[in-house]
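Student: First, the structure itself, so that you have it in front of you.
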Amino acid sequence: SLAMRQDILDLLENLPEEIKKLIKAGQRVADSLGYSVFIIGGFVRDLLLLNPTQDLDFVVEGNGHAFAQALYQELNRGQLTLHDSFGTARIEFPNGTHLDVASTRWEYYEFPGALPQVEESRLRDDLFRRDFTINAMALAINSDRYGELVDYYGGLRDLKQGEIRFLHHLSFIEDPTRILRAVRFAERYRFRLSKETQEGVATALKAGVLHKLSTERFTQEFLLILREKQYARMGQSLIELGVMEEWFGERLPWNFTRIPENENLTSEEKWLISVSLFNQQQINSALSLKLSREMKREALKFKEIQAALLAESSLNLSIMDQHLSGVSRNIRIALRYDPALEQSMNNYEQAVEQLKLEINGFALRKLGISEGPEIGRILKEIRWAWLEQKIHTPAEEKQLMLQLTEQRRK
Ligand code: ATP
């Protein structure tokens, strides 16, 4: 409706200058090439949710490469990559954002003999191949249609009523990653799955669709979930749906519930926390995912340190320091989420934070300790003396240092 279009024009008007410039440049290029061009997918969804995002997806009724090249010249910045198939392209900007271009004419690239299709039905088909109605809306940017919402499948209605709805009944069979995506969008926006979509998930899972999914693709979606603020709720939801048990072939003690939303945790930290209650065999099962070498290495290191700490009969601060000094921040943060270690870890972090040795290697060398491991050992002893409260003042620290260097020189 007209009122709707005015609302959207207002939303577009209120976008950050940077993004508006990109859209306006897209419009000039679209008009001059005579192509209909749309912004599509997540950007449109988030714009309508009053929560605009940075990354633009353009879909072009025309030659995608030609559009991308002309846009790149118009913008005169960033880096252009043309992908050889399907007429897709990307422009990456120095600030880390990017802009993607796709063509509704990709069928031509794949099937040279395909019947010519009218433009409007190509856009409709392109949108129909998407995952959910809320992601299947397009926004016209040509000057004669600027701000017109193309919404064949009820995306706006579903945004308003807070529902994740698939586009057809074979959606999850066709692409099982959409099960994880459904959970991700639902929990991110606090939406629910429409009744049919929920049934679609259950049916697909019962049919064993996850077994058709490659480990790479499952991992990719899992990593996207780790990046989300509401990651814990998403993980919980995957457990409730039976996705995790089905994928890993066993019921693992995922530690999802303990993570508060407002805690600003990195993906790596969330990953370690989520496996913090696993035993060695369970960790190996989790490590079947196609994770980076770093994430695997940290998980094993985390388990090793956790086991070592739990094996200590008492966890005083200097014993903890022996296990924890030099250990990555990710691992130290994750250890706090093991209920058996929470208290000790908090005490330790607090003590370490207050710890400020006045003495350094330089001072020790001046006292005649030669360069080498000895210096490190003395510094550690002083550190532990502070942690065990055997010393309390810089003067006492100096005293201890003299005593230790004296012993060494003998
Ligand atoms: P996010 O905010 O997480 O980036 P997004 O919607 O931009 O969300 P992308 O993964 O970047 O998500 O996907 C861009 C668009 O491509 C989606 O909006 C959706 O229309 C489509 N899409 C992505 N993955 C699939 C899929 N597995 N099946 C169908 N369509 C998909």
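Convention: chains lettered A, B, ... in structure tokens order; per-chain residue numbering from 1; ligands numbered from 1 as shown.
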Could the residues that lie within 9 Å of ligand 1, counting only C-alpha atoms and all ligand atoms, be listed as a ChimeraX atom specification?

Tutor: /A:40-46,53,55-57,127-137,171-172,174-179,181,184-185,221,224-225,228

Student: Excluding same-chain residues fewer than 5 positions from Leu317 in chain A, what lies within 12 Å of it counting only C-alpha atoms, as a list in words?

Tutor: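 That gives Leu309, Glu312, Gln322, His323, Leu324, Ser325, Gln343, Ser344, Met345, Asn346, Asn347, Tyr348, Glu349, Gln350, Ala351, Val352, Leu355, Arg383, Trp384, Ala385, Trp386, Leu387, Glu388, Gln389 and Lys390 of chain A.
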
Student: Export, as a PDB file, in the first residue's frame, the selected residues with N, CA and C atoms.

Tutor:
```
ATOM      1  N   LEU A 309      42.969 -29.130  37.369  1.00  0.00           N
ATOM      2  CA  LEU A 309      42.472 -28.333  38.502  1.00  0.00           C
ATOM      3  C   LEU A 309      41.566 -29.182  39.388  1.00  0.00           C
ATOM      4  N   GLU A 312      43.282 -31.537  41.862  1.00  0.00           N
ATOM      5  CA  GLU A 312      43.992 -30.996  43.028  1.00  0.00           C
ATOM      6  C   GLU A 312      43.122 -31.154  44.277  1.00  0.00           C
ATOM      7  N   GLN A 322      49.869 -21.987  39.134  1.00  0.00           N
ATOM      8  CA  GLN A 322      50.767 -22.928  38.458  1.00  0.00           C
ATOM      9  C   GLN A 322      50.101 -23.525  37.223  1.00  0.00           C
ATOM     10  N   HIS A 323      48.795 -23.787  37.354  1.00  0.00           N
ATOM     11  CA  HIS A 323      48.075 -24.366  36.207  1.00  0.00           C
ATOM     12  C   HIS A 323      47.670 -23.310  35.180  1.00  0.00           C
ATOM     13  N   LEU A 324      47.451 -22.106  35.655  1.00  0.00           N
ATOM     14  CA  LEU A 324      46.765 -21.139  34.792  1.00  0.00           C
ATOM     15  C   LEU A 324      47.631 -20.040  34.190  1.00  0.00           C
ATOM     16  N   SER A 325      48.843 -19.874  34.720  1.00  0.00           N
ATOM     17  CA  SER A 325      49.593 -18.751  34.152  1.00  0.00           C
ATOM     18  C   SER A 325      49.992 -19.111  32.720  1.00  0.00           C
ATOM     19  N   GLN A 343      33.783 -20.819  41.825  1.00  0.00           N
ATOM     20  CA  GLN A 343      34.210 -20.027  42.972  1.00  0.00           C
ATOM     21  C   GLN A 343      35.722 -19.806  42.963  1.00  0.00           C
ATOM     22  N   SER A 344      36.456 -20.887  42.794  1.00  0.00           N
ATOM     23  CA  SER A 344      37.915 -20.771  42.787  1.00  0.00           C
ATOM     24  C   SER A 344      38.397 -19.884  41.656  1.00  0.00           C
ATOM     25  N   MET A 345      37.780 -20.028  40.504  1.00  0.00           N
ATOM     26  CA  MET A 345      38.200 -19.219  39.359  1.00  0.00           C
ATOM     27  C   MET A 345      37.948 -17.734  39.622  1.00  0.00           C
ATOM     28  N   ASN A 346      36.795 -17.433  40.190  1.00  0.00           N
ATOM     29  CA  ASN A 346      36.494 -16.033  40.480  1.00  0.00           C
ATOM     30  C   ASN A 346      37.497 -15.452  41.478  1.00  0.00           C
ATOM     31  N   ASN A 347      37.794 -16.239  42.517  1.00  0.00           N
ATOM     32  CA  ASN A 347      38.788 -15.767  43.492  1.00  0.00           C
ATOM     33  C   ASN A 347      40.134 -15.542  42.821  1.00  0.00           C
ATOM     34  N   TYR A 348      40.487 -16.486  42.004  1.00  0.00           N
ATOM     35  CA  TYR A 348      41.792 -16.410  41.343  1.00  0.00           C
ATOM     36  C   TYR A 348      41.887 -15.181  40.444  1.00  0.00           C
ATOM     37  N   GLU A 349      40.865 -14.984  39.614  1.00  0.00           N
ATOM     38  CA  GLU A 349      40.907 -13.858  38.674  1.00  0.00           C
ATOM     39  C   GLU A 349      40.992 -12.537  39.421  1.00  0.00           C
ATOM     40  N   GLN A 350      40.255 -12.484  40.522  1.00  0.00           N
ATOM     41  CA  GLN A 350      40.265 -11.267  41.328  1.00  0.00           C
ATOM     42  C   GLN A 350      41.661 -11.004  41.909  1.00  0.00           C
ATOM     43  N   ALA A 351      42.248 -12.077  42.440  1.00  0.00           N
ATOM     44  CA  ALA A 351      43.571 -11.940  43.056  1.00  0.00           C
ATOM     45  C   ALA A 351      44.604 -11.534  42.010  1.00  0.00           C
ATOM     46  N   VAL A 352      44.522 -12.141  40.844  1.00  0.00           N
ATOM     47  CA  VAL A 352      45.506 -11.856  39.799  1.00  0.00           C
ATOM     48  C   VAL A 352      45.366 -10.419  39.313  1.00  0.00           C
ATOM     49  N   LEU A 355      47.129  -8.163  41.523  1.00  0.00           N
ATOM     50  CA  LEU A 355      48.552  -8.459  41.636  1.00  0.00           C
ATOM     51  C   LEU A 355      49.372  -7.526  40.765  1.00  0.00           C
ATOM     52  N   ARG A 383      55.547 -13.954  42.907  1.00  0.00           N
ATOM     53  CA  ARG A 383      54.121 -13.918  42.539  1.00  0.00           C
ATOM     54  C   ARG A 383      53.291 -14.807  43.478  1.00  0.00           C
ATOM     55  N   TRP A 384      53.790 -16.029  43.712  1.00  0.00           N
ATOM     56  CA  TRP A 384      53.044 -16.946  44.573  1.00  0.00           C
ATOM     57  C   TRP A 384      53.028 -16.459  46.010  1.00  0.00           C
ATOM     58  N   ALA A 385      54.117 -15.826  46.426  1.00  0.00           N
ATOM     59  CA  ALA A 385      54.147 -15.295  47.790  1.00  0.00           C
ATOM     60  C   ALA A 385      53.045 -14.238  47.975  1.00  0.00           C
ATOM     61  N   TRP A 386      52.871 -13.407  46.953  1.00  0.00           N
ATOM     62  CA  TRP A 386      51.777 -12.423  47.002  1.00  0.00           C
ATOM     63  C   TRP A 386      50.429 -13.148  47.075  1.00  0.00           C
ATOM     64  N   LEU A 387      50.232 -14.123  46.164  1.00  0.00           N
ATOM     65  CA  LEU A 387      48.943 -14.813  46.093  1.00  0.00           C
ATOM     66  C   LEU A 387      48.612 -15.536  47.390  1.00  0.00           C
ATOM     67  N   GLU A 388      49.649 -16.089  48.030  1.00  0.00           N
ATOM     68  CA  GLU A 388      49.403 -16.801  49.298  1.00  0.00           C
ATOM     69  C   GLU A 388      49.429 -15.844  50.485  1.00  0.00           C
ATOM     70  N   GLN A 389      49.548 -14.586  50.195  1.00  0.00           N
ATOM     71  CA  GLN A 389      49.582 -13.546  51.222  1.00  0.00           C
ATOM     72  C   GLN A 389      50.702 -13.741  52.221  1.00  0.00           C
ATOM     73  N   LYS A 390      51.817 -14.245  51.740  1.00  0.00           N
ATOM     74  CA  LYS A 390      53.008 -14.327  52.590  1.00  0.00           C
ATOM     75  C   LYS A 390      53.708 -12.978  52.613  1.00  0.00           C
TER      76      LYS A 390
END
```

Student: Looking at A:Ile382, A:Asp126, A:Val327, A:Gln282, which one is nearest to Tyr153 in chain A, with distances taken over only C-alpha atoms?

Tutor: A:Asp126

Student: May I have all residues of range 147-316 of chain A that DSSP, computed from the backbone, assigns to alpha helix (DSSP H), given as a ChimeraX atom specification?

Tutor: /A:155-161,171-174,177-189,195-206,215-226,231-241,243-248,267-274,280-286,293-311

Student: Using the selection just defined, write its residues with C-alpha atoms as an mmCIF file, in the first residue's frame.

Tutor:
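Dumped everything to result.cif:
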```
data_model
loop_
_atom_site.group_PDB
_atom_site.id
_atom_site.type_symbol
_atom_site.label_atom_id
_atom_site.label_comp_id
_atom_site.auth_asym_id
_atom_site.auth_seq_id
_atom_site.Cartn_x
_atom_site.Cartn_y
_atom_site.Cartn_z
ATOM 1 C CA GLY A 155 6.985 -11.978 4.748
ATOM 2 C CA LEU A 156 5.707 -8.697 6.170
ATOM 3 C CA ARG A 157 2.711 -10.396 7.764
ATOM 4 C CA ASP A 158 5.033 -12.978 9.359
ATOM 5 C CA LEU A 159 7.374 -10.273 10.613
ATOM 6 C CA LYS A 160 4.398 -8.588 12.231
ATOM 7 C CA GLN A 161 3.066 -11.732 13.847
ATOM 8 C CA SER A 171 12.010 -26.946 2.342
ATOM 9 C CA PHE A 172 13.807 -28.821 5.146
ATOM 10 C CA ILE A 173 14.204 -31.961 3.060
ATOM 11 C CA GLU A 174 15.739 -29.888 0.291
ATOM 12 C CA THR A 177 20.634 -26.496 7.284
ATOM 13 C CA ARG A 178 17.384 -24.554 7.277
ATOM 14 C CA ILE A 179 16.440 -26.396 10.462
ATOM 15 C CA LEU A 180 19.324 -24.708 12.246
ATOM 16 C CA ARG A 181 18.576 -21.439 10.511
ATOM 17 C CA ALA A 182 14.951 -21.616 11.658
ATOM 18 C CA VAL A 183 16.091 -21.972 15.246
ATOM 19 C CA ARG A 184 18.603 -19.165 14.838
ATOM 20 C CA PHE A 185 16.105 -16.656 13.466
ATOM 21 C CA ALA A 186 13.361 -17.718 15.864
ATOM 22 C CA GLU A 187 15.482 -17.227 18.968
ATOM 23 C CA ARG A 188 17.225 -14.131 17.641
ATOM 24 C CA TYR A 189 13.966 -12.281 17.134
ATOM 25 C CA LYS A 195 2.677 -24.627 13.082
ATOM 26 C CA GLU A 196 3.356 -26.116 9.661
ATOM 27 C CA THR A 197 7.004 -25.149 9.764
ATOM 28 C CA GLN A 198 7.376 -26.827 13.124
ATOM 29 C CA GLU A 199 5.764 -29.954 11.737
ATOM 30 C CA GLY A 200 8.066 -29.692 8.732
ATOM 31 C CA VAL A 201 11.080 -29.733 11.020
ATOM 32 C CA ALA A 202 9.804 -32.762 12.901
ATOM 33 C CA THR A 203 9.004 -34.646 9.705
ATOM 34 C CA ALA A 204 12.376 -33.877 8.169
ATOM 35 C CA LEU A 205 14.225 -34.955 11.310
ATOM 36 C CA LYS A 206 12.217 -38.160 11.476
ATOM 37 C CA THR A 215 29.899 -31.973 8.369
ATOM 38 C CA GLU A 216 31.121 -28.718 6.812
ATOM 39 C CA ARG A 217 27.626 -27.360 6.380
ATOM 40 C CA PHE A 218 26.426 -28.448 9.798
ATOM 41 C CA THR A 219 29.512 -26.895 11.378
ATOM 42 C CA GLN A 220 29.053 -23.688 9.421
ATOM 43 C CA GLU A 221 25.540 -23.252 10.779
ATOM 44 C CA PHE A 222 26.669 -24.190 14.275
ATOM 45 C CA LEU A 223 29.376 -21.521 14.101
ATOM 46 C CA LEU A 224 26.818 -18.940 12.992
ATOM 47 C CA ILE A 225 24.810 -19.830 16.075
ATOM 48 C CA LEU A 226 27.883 -19.401 18.270
ATOM 49 C CA TYR A 231 23.236 -18.559 21.506
ATOM 50 C CA ALA A 232 22.290 -20.371 24.719
ATOM 51 C CA ARG A 233 18.588 -20.356 23.876
ATOM 52 C CA MET A 234 19.361 -21.532 20.360
ATOM 53 C CA GLY A 235 21.456 -24.398 21.664
ATOM 54 C CA GLN A 236 18.710 -25.330 24.099
ATOM 55 C CA SER A 237 16.194 -25.270 21.296
ATOM 56 C CA LEU A 238 18.381 -27.533 19.139
ATOM 57 C CA ILE A 239 18.512 -29.995 22.013
ATOM 58 C CA GLU A 240 14.762 -29.903 22.487
ATOM 59 C CA LEU A 241 14.178 -30.529 18.800
ATOM 60 C CA VAL A 243 18.939 -31.985 16.425
ATOM 61 C CA MET A 244 22.039 -32.358 18.570
ATOM 62 C CA GLU A 245 21.336 -35.959 19.567
ATOM 63 C CA GLU A 246 20.542 -36.877 15.982
ATOM 64 C CA TRP A 247 23.711 -35.263 14.665
ATOM 65 C CA PHE A 248 26.180 -36.549 17.249
ATOM 66 C CA SER A 267 32.383 -17.436 19.809
ATOM 67 C CA GLU A 268 35.494 -19.180 21.074
ATOM 68 C CA GLU A 269 34.499 -18.656 24.684
ATOM 69 C CA LYS A 270 30.963 -19.856 24.040
ATOM 70 C CA TRP A 271 32.312 -22.907 22.282
ATOM 71 C CA LEU A 272 34.505 -23.853 25.260
ATOM 72 C CA ILE A 273 31.735 -23.208 27.746
ATOM 73 C CA SER A 274 29.301 -25.346 25.788
ATOM 74 C CA GLN A 280 37.168 -37.044 27.190
ATOM 75 C CA GLN A 281 35.169 -39.372 24.961
ATOM 76 C CA GLN A 282 32.420 -36.787 24.569
ATOM 77 C CA ILE A 283 34.946 -34.139 23.617
ATOM 78 C CA ASN A 284 36.212 -36.358 20.853
ATOM 79 C CA SER A 285 32.677 -36.691 19.614
ATOM 80 C CA ALA A 286 32.261 -32.896 19.564
ATOM 81 C CA ARG A 293 42.606 -26.109 14.351
ATOM 82 C CA GLU A 294 42.718 -23.388 16.999
ATOM 83 C CA MET A 295 39.226 -24.211 18.302
ATOM 84 C CA LYS A 296 40.097 -27.912 18.518
ATOM 85 C CA ARG A 297 43.410 -27.253 20.197
ATOM 86 C CA GLU A 298 41.798 -24.957 22.762
ATOM 87 C CA ALA A 299 39.071 -27.460 23.567
ATOM 88 C CA LEU A 300 41.668 -30.135 24.326
ATOM 89 C CA LYS A 301 43.823 -27.725 26.310
ATOM 90 C CA PHE A 302 40.743 -26.574 28.207
ATOM 91 C CA LYS A 303 39.864 -30.155 29.136
ATOM 92 C CA GLU A 304 43.424 -30.837 30.219
ATOM 93 C CA ILE A 305 43.582 -27.852 32.538
ATOM 94 C CA GLN A 306 40.095 -28.417 33.859
ATOM 95 C CA ALA A 307 40.987 -32.020 34.734
ATOM 96 C CA ALA A 308 44.243 -30.937 36.369
ATOM 97 C CA LEU A 309 42.472 -28.333 38.502
ATOM 98 C CA LEU A 310 39.741 -30.752 39.543
ATOM 99 C CA ALA A 311 42.354 -33.337 40.496
#
```

Student: Nearest to Leu99 in chain A among A:Val29, A:Leu50, A:Leu139, A:Ile23, with distances taken over only C-alpha atoms: which residue is it?

Tutor: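 Of the candidates, the smallest distance to Leu99 in chain A is held by A:Ile23.
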
Student: Would you compute the distance between CA of Glu163 in chain A and CA of Asn264 in chain A? Give it in Å to one decimal.

Tutor: 27.3 Å

Student: For each of A:Lys20, A:Arg105, A:Arg28, A:His168, take the minimum atom-to-atom distance to Ala70 in chain A, counting only C-alpha atoms, then give the residue where this is smallest.

Tutor: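 Counting only C-alpha atoms, the residue closest to Ala70 in chain A is A:Arg28.
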
Student: Write out as a list of chain:residue names the residues lying within 12 Å of Glu18 in chain A, counting only C-alpha atoms and excluding same-chain residues fewer than 6 positions away.

Tutor: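 Residues near the query, excluding close chain neighbours: A:Leu12, A:Lys24, A:Ala25, A:Thr53, A:Gln54, A:Asp55, A:Leu56, A:Leu75, A:Phe93, A:Asn95, A:Thr97, A:His98.
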
Student: Pick from A:Ile319, A:Val59, A:Leu71, A:Ala102: nearest to His83 in chain A, with only C-alpha atoms counted?

Tutor: A:Ala102

Student: Please return, as a ChimeraX atom specification, all residues of range 158-256 of chain A that DSSP assigns to strand (DSSP E) on the basis of the backbone.

Tutor: /A:163-164,192-193

Student: Can you pull out the residues contacting range 358-361 of chain A? Cut-off 7 Å, using only C-alpha atoms, and skip same-chain residues under 2 positions away; I want them as a list in words.

Tutor: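 What passes the distance filter is Lys356, Ala363, Leu364, Arg365, Ile375 and Pro394 of chain A.
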
Student: Quick check, in Å to one decimal: how far apart do CA of Gly64 in chain A and CA of Ser103 in chain A lie?

Tutor: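 Those two atoms sit 4.9 Å apart.
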
Student: Choose the residue, out of A:Arg145, A:Ala138, A:Ile369, A:Leu252, that has the smallest atom-to-atom separation from Glu406 in chain A; count only C-alpha atoms.

Tutor: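 Among A:Arg145, A:Ala138, A:Ile369, A:Leu252, it is A:Ile369 that comes nearest to Glu406 in chain A.
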